[in-house]
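Worksheet: the structure to be examined is printed underneath.
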Amino acid sequence: MEHVTASEELSATLMYHVERPVLNEGYIDSELLHRKKRTPKCSSEKAKSVVFGFLPILTWLPSYPLKQYLFGDIVSGISTGVMQLPQGLAYAMLAAVPPVFGLYSSFYPVLLYTFFGTSKHISIGTFAVISLMIGGVAVREAPDSMFAVNGTNASQIVDFEARDARRVEVVVALTTLVGIIQFVLGLLRFGFLAIYLTEPLVRGFTTAAAVHVSVSQIKYLLGVHTARFNGPLSVVYSLDAVFRNIASTNVVTLIIGLVCSVFLYFIKDLNERFKKKLPIPIPGEIIVIVSTGISYGMVMSENYGVEVVGKIPTGLLPPKIPDFSVFPSLFPDAFTIAVVGFSIAISLAKIFALKHGYSVDGNQELIALGLCNFMSSFFHTFAVTASMSRSLVQESTGGHTEIAGLLASLLVLLVVVAIGFVFQPLPTTVLAAIIMVNLLGMFKQMKDIPALWRTSKIELAIWLVSFFASVLLGLDYGLVVAMSFAILTVIYRTQCPKNALLGQIPDTGLYFDVDEYEEAEECSGIKIFQSNTSMYFANSDLYVSALKTGIDPAKLLAARKSQLKYAKRDNGERKAVHHYPPVKKNAVVLLMDHVYTNGQMTENHTESESEDDFFLQRLTPIHTIILDFTPVNFIDSVGAKTIKSVIKEFATVDVKVVLAGCSRTLLSDLRTLKFFFEPVTPDLIFPTIHDAVLHCKENTYWEKMYSVNAL
């Protein structure tokens with residue numbers, strides 16, 4: 001017995017019966033559709049939705065299921081907080097500020113996101129890419145040379161305390177500006193900005209950032225002292241500086257860094273292999289920090305010259321107003337960091353939302369990040385975003401809501417207030433090892449290259465341009481180049497659309513590419529043209545060129561003049577020989593049954609000796625062209641004028657041009673552009689291709705009947 005699936009049974013029994021008159025836009029707009037009268041509404045429900053949208057915590061906290069979620073959130077919060085501590089210290093080095101500011105940045109923004117964020121699983125806080133971008137700005141605005149104590153020669157002594165204080169001021173001001181930009185963009189509903197940072201662009205950019213971060217940490221891993229470089233070719237200069245000073249490598253520092261790196265890699269591999277069996281991931285970073293005790297006991301800083309974290313003040317600093325005077329010079333950097341930070345956060349948020357079946361609001365995420373950065377900046381933090389590694393830990397250890405992030409921030413607060421001094425003897429090479437091992441996930445994005453080669457060459461080009469531009473030019477200029485190139489690829493795609501002639505599938509109202517599907521049959525006397533693009537100034541001429549490939553009105557008009565010339569000559573010769581009486585002129589339009597070859601006319605033409613009859617006879621069997629506008633999303637004034645000129649031009653050779661499949665938005669644009677004026681009327685617009693085909697066939701039938709009757 002054959003087994004029939006539900007879908008096969010439905011497809012066999014469901015029938016599609018529609019009986020209606022052929023419709024055009026003139027009838028639809030005047031008779032069929034009537035616009036709703038919209039009145040502005042202001043009610044308590046709308047006010048409530050605005051408040052709940054601004055404070056998403058009000059939507060889920062009152063109904064928080066303690067028994068189901070609390071234990072998972074506690075375990076997840078502790079696990080994430082344990083990761084947050086060493087990463088906060090390490091990423092502060094990337095941001096070119098003292099490590100304690102990384103702890104501040106791991107507390108305040110995370111606490112605020114609990115109230116304003118819409119994602120239940122992302123871990124807000126310090127992140128390598130953003131920290132590196134911030135550090136580049138800090139080094140540019142407050143270089144070592146500004147704080148030289150003994151002149152500016154090669155042996156200068158730098159006032160590190162004054163330098164770090166100034167860099168903190170710059171970073172805090174930058175964070176304030178980042179927060180303002182994100183908040184304003186969120187209020188203006190600019191959440192769509194993330195779409196301009198496509199996935200290949202972001203992955204290429206973050207891979208390049210991983211290269212920058214890794215290169216910047218080599219000096220800490222080796223224990224050598226070099227200047228920090230910023231701008232184009234900074235990677236090359238940094239590597240050159242390290243190799244020039246490699247002879248001064250501190251062996252003890254190198255051994256500690258390598259041992260920690262190998263250990264962390266081993267722990268990460270174990271966590272990945274046994275993630276389904278382990279209740280929580282093994283906290284490798286915290287285990288590594290045991291080296292703090294070894295460093296303290298062996299007095300490595302004094303005995304072996306190992307560089308350590310140094311003084312970490314206990315407690316929180318009082319709030320301070322940022323230095324607004326540096327805003328003008330920081331704005332371009334702030335805008336770049338704001339967009340990149342938001343793009344990373346919303347990408348991760350959407351991944352987890354899709355996996356767990358809830359939605360995130362891009363505009364509210366912008367507002368949340370903006371508030372986190374802006375409000376936290378008064379408490380000496382630097383800009384934050386979502387962390388990929390911590391978010392994965394927060395989700396995999398059973399986190400259900402933002403409560404997990406809240407608990408993680410409280411754990412960081414406990415360390416800052418009570419036991420921050422414990423981290424003072426921590427070797428900086430350990431932090432470098434933590435950073436570099438956490439970047440392995442980003443380097444795995446190199447696997448995108450063969451995958452994109454097989455699927456999309458254009459996206460591969462975006463990935464490669466984003467990567468190499470960001471590596472060689474720096475993250476700021478690299479991002480601008482990558483975004484510009486991505487936009488150029490969009491323009492390129494509109495310049496090279498797929499054009500097709502459509503044919504009807506017999507006994508259906510469906511139309512497909514005749515070159516691609518053998519069942520598709522062209523309608524007699526009708527050409528259905530489809531171009532998979534919108535119509536605007538950059539591609540209007542290309543659209544017309546593709547349309548005229550098969551039928552060129554200019555060539556047909558030239559052929560008509562040639563025919564008229566030969567018709568006059570032949571008609572004159574026959575009159576001279578046979579003395580035919582004058583023939584009454586008839587307004588007759590017939591399909592062309594004759595052709596001229598080398599000036600000679602074949603004999604199978606309609607008997608008529610009038611010059612006007614020859615002039616009116618068709619030059620092509622095509623009487624109608626249907627432009628399928630289903631793929632057209634928008635049209636500008638140039639595109640509208642182009643289509644109008646096409647309609648007029650083909651009318652000169654007795655070929656009618658009609659439009660089909662226009663969306664209501666597109667029709668509204670056409671009305672705004674004054675498209676519907678003689679000879680173009682709404683009667684030339686049809687809701688579907690099938691409506692247009694039936695109309696044209698019927699119209700042609702009556703034209704033929706009229707022609708026969710006239711004869």
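By order in the structure tokens, chains are A, B, ...; within a chain, residues start at 1; ligands start at 1, following the order shown.
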- Item | Contact residues around A:Ser119 with only C-alpha atoms at 9 Å, ignoring same-chain residues under 4 positions, as a list in words |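 Near A:Ser119, the qualifying residues are Ile346, Ala349, Lys350, Phe352, Ala353, Tyr358, Ser359, Val360, Asp361, Glu365, Thr401 and Glu402 of chain A.
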Can I get the selected residues back with C-alpha atoms, as a JSON list (two decimals), in the first residue's frame?
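Contents of again15.json, freshly written:
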[["chain", "number", "residue", "atom", "x", "y", "z"],
["A", 346, "ILE", "CA", 22.75, 42.95, 17.62],
["A", 349, "ALA", "CA", 21.43, 39.00, 20.11],
["A", 350, "LYS", "CA", 19.64, 37.87, 16.95],
["A", 352, "PHE", "CA", 20.34, 33.71, 20.49],
["A", 353, "ALA", "CA", 16.84, 35.13, 19.95],
["A", 358, "TYR", "CA", 12.00, 35.35, 21.16],
["A", 359, "SER", "CA", 12.56, 38.68, 19.41],
["A", 360, "VAL", "CA", 14.97, 41.55, 19.96],
["A", 361, "ASP", "CA", 14.34, 45.18, 19.06],
["A", 365, "GLU", "CA", 19.28, 47.71, 21.67],
["A", 401, "THR", "CA", 17.15, 36.07, 31.47],
["A", 402, "GLU", "CA", 19.14, 39.23, 32.11]]
Residue contacts of A:Ala660 (9 Å, only C-alpha atoms) excluding same-chain residues fewer than 5 positions away, as a list in words: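 Returned residues: Ile626, Leu627, Asp628, Phe629, Thr630, Leu684, Ile685, Phe686, Pro687, Thr688, Ile689, His690, Asp691 and Ala692 of chain A.
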Find, counting only C-alpha atoms, the residue in A:Asn539, A:Thr533, A:Ser347, A:Ser79 that gets nearest to A:Val632.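 Checking each of A:Asn539, A:Thr533, A:Ser347, A:Ser79 against A:Val632, counting only C-alpha atoms, the winner is A:Thr533.
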* To do: Could you give me, as a PyMOL selection string, each residue of stretch 302-463 of chain A that DSSP assigns to strand (DSSP E or B) when run on this structure's backbone?
  => chain A and resi 308+385-387+427
Export of prior selection with all heavy atoms as a PDB file, in the first residue's frame:
ATOM      1  N   VAL A 308      54.021  43.251  36.179  1.00  0.00           N
ATOM      2  CA  VAL A 308      52.765  42.840  36.813  1.00  0.00           C
ATOM      3  C   VAL A 308      51.718  43.941  36.651  1.00  0.00           C
ATOM      4  O   VAL A 308      52.023  45.061  36.227  1.00  0.00           O
ATOM      5  CB  VAL A 308      52.979  42.523  38.309  1.00  0.00           C
ATOM      6  CG1 VAL A 308      53.895  41.325  38.489  1.00  0.00           C
ATOM      7  CG2 VAL A 308      53.510  43.745  39.050  1.00  0.00           C
ATOM      8  N   THR A 385      30.447  46.395  24.531  1.00  0.00           N
ATOM      9  CA  THR A 385      29.485  45.754  23.638  1.00  0.00           C
ATOM     10  C   THR A 385      29.327  44.317  24.110  1.00  0.00           C
ATOM     11  O   THR A 385      29.786  43.961  25.200  1.00  0.00           O
ATOM     12  CB  THR A 385      29.957  45.826  22.170  1.00  0.00           C
ATOM     13  OG1 THR A 385      28.928  45.318  21.321  1.00  0.00           O
ATOM     14  CG2 THR A 385      31.214  45.012  21.949  1.00  0.00           C
ATOM     15  N   ALA A 386      28.698  43.480  23.317  1.00  0.00           N
ATOM     16  CA  ALA A 386      28.522  42.081  23.698  1.00  0.00           C
ATOM     17  C   ALA A 386      29.793  41.294  23.399  1.00  0.00           C
ATOM     18  O   ALA A 386      30.463  41.529  22.399  1.00  0.00           O
ATOM     19  CB  ALA A 386      27.340  41.473  22.953  1.00  0.00           C
ATOM     20  N   SER A 387      30.107  40.352  24.281  1.00  0.00           N
ATOM     21  CA  SER A 387      31.271  39.487  24.088  1.00  0.00           C
ATOM     22  C   SER A 387      30.803  38.127  23.590  1.00  0.00           C
ATOM     23  O   SER A 387      29.895  37.518  24.171  1.00  0.00           O
ATOM     24  CB  SER A 387      32.035  39.319  25.403  1.00  0.00           C
ATOM     25  OG  SER A 387      32.924  38.224  25.335  1.00  0.00           O
ATOM     26  N   PRO A 427      50.980  38.765  36.695  1.00  0.00           N
ATOM     27  CA  PRO A 427      51.841  39.132  35.558  1.00  0.00           C
ATOM     28  C   PRO A 427      51.016  39.534  34.336  1.00  0.00           C
ATOM     29  O   PRO A 427      50.007  38.892  34.025  1.00  0.00           O
ATOM     30  CB  PRO A 427      52.640  37.855  35.291  1.00  0.00           C
ATOM     31  CG  PRO A 427      52.573  37.078  36.562  1.00  0.00           C
ATOM     32  CD  PRO A 427      51.238  37.393  37.165  1.00  0.00           C
TER      33      PRO A 427
END
Shortest contact to A:Met93, candidates A:Gly77, A:Gly525, A:Gly135, A:Pro62, atoms counted only C-alpha atoms, goes to A:Gly135
I'd like a table as a Markdown table: residues in stretch 309-344 of chain A with an atom no more than 12 Å from stretch 181-201 of chain A, each row giving the shortest atom pair and its distance in Å to one decimal, only C-alpha atoms counted, sorted by chain and rising residue number.
| residue | atom | partner | partner_atom | distance |
| --- | --- | --- | --- | --- |
| A:Phe327 | CA | A:Ile181 | CA | 11.8 |
| A:Leu330 | CA | A:Ile181 | CA | 11.9 |
| A:Phe331 | CA | A:Ile181 | CA | 9.2 |
| A:Pro332 | CA | A:Ile181 | CA | 10.8 |
| A:Asp333 | CA | A:Ile181 | CA | 11.2 |
| A:Ala334 | CA | A:Ile181 | CA | 7.7 |
| A:Phe335 | CA | A:Ile181 | CA | 6.7 |
| A:Thr336 | CA | A:Ile181 | CA | 10.0 |
| A:Ile337 | CA | A:Gln182 | CA | 9.7 |
| A:Ala338 | CA | A:Gln182 | CA | 6.0 |
| A:Val339 | CA | A:Ala194 | CA | 7.5 |
| A:Val340 | CA | A:Leu197 | CA | 8.2 |
| A:Gly341 | CA | A:Gln182 | CA | 9.4 |
| A:Phe342 | CA | A:Ala194 | CA | 7.4 |
| A:Ser343 | CA | A:Ala194 | CA | 5.2 |
| A:Ile344 | CA | A:Ala194 | CA | 8.7 |
Residues near A:Leu103, cut-off 7 Å, only C-alpha atoms, skip fewer than 5 positions along chain, as number ranges by chain: A: 85, 88-89, 412, 416
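Interatomic distance, atom CA of A:Ala651 to atom CA of A:Leu673: 21.5 Å.
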From the list A:Asp552, A:Ile78, A:Leu411, A:Tyr91, the nearest residue to A:Glu649 using only C-alpha atoms is A:Asp552
**Request:** Quick one: pick out all helix (DSSP H, G or I) residues within stretch 368-548 of chain A from a backbone DSSP run and write them as a PyMOL selection string.
**Result:** chain A and resi 368-377+388-396+403-423+428-438+440-455+457-473+475-495+540-547
Please determine, counting only C-alpha atoms, which residue among A:Lys457, A:Arg671, A:Arg35, A:Lys320 has the shortest atom-to-atom distance to A:Asp636.
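That would be A:Arg671, the residue with the smallest distance to A:Asp636.
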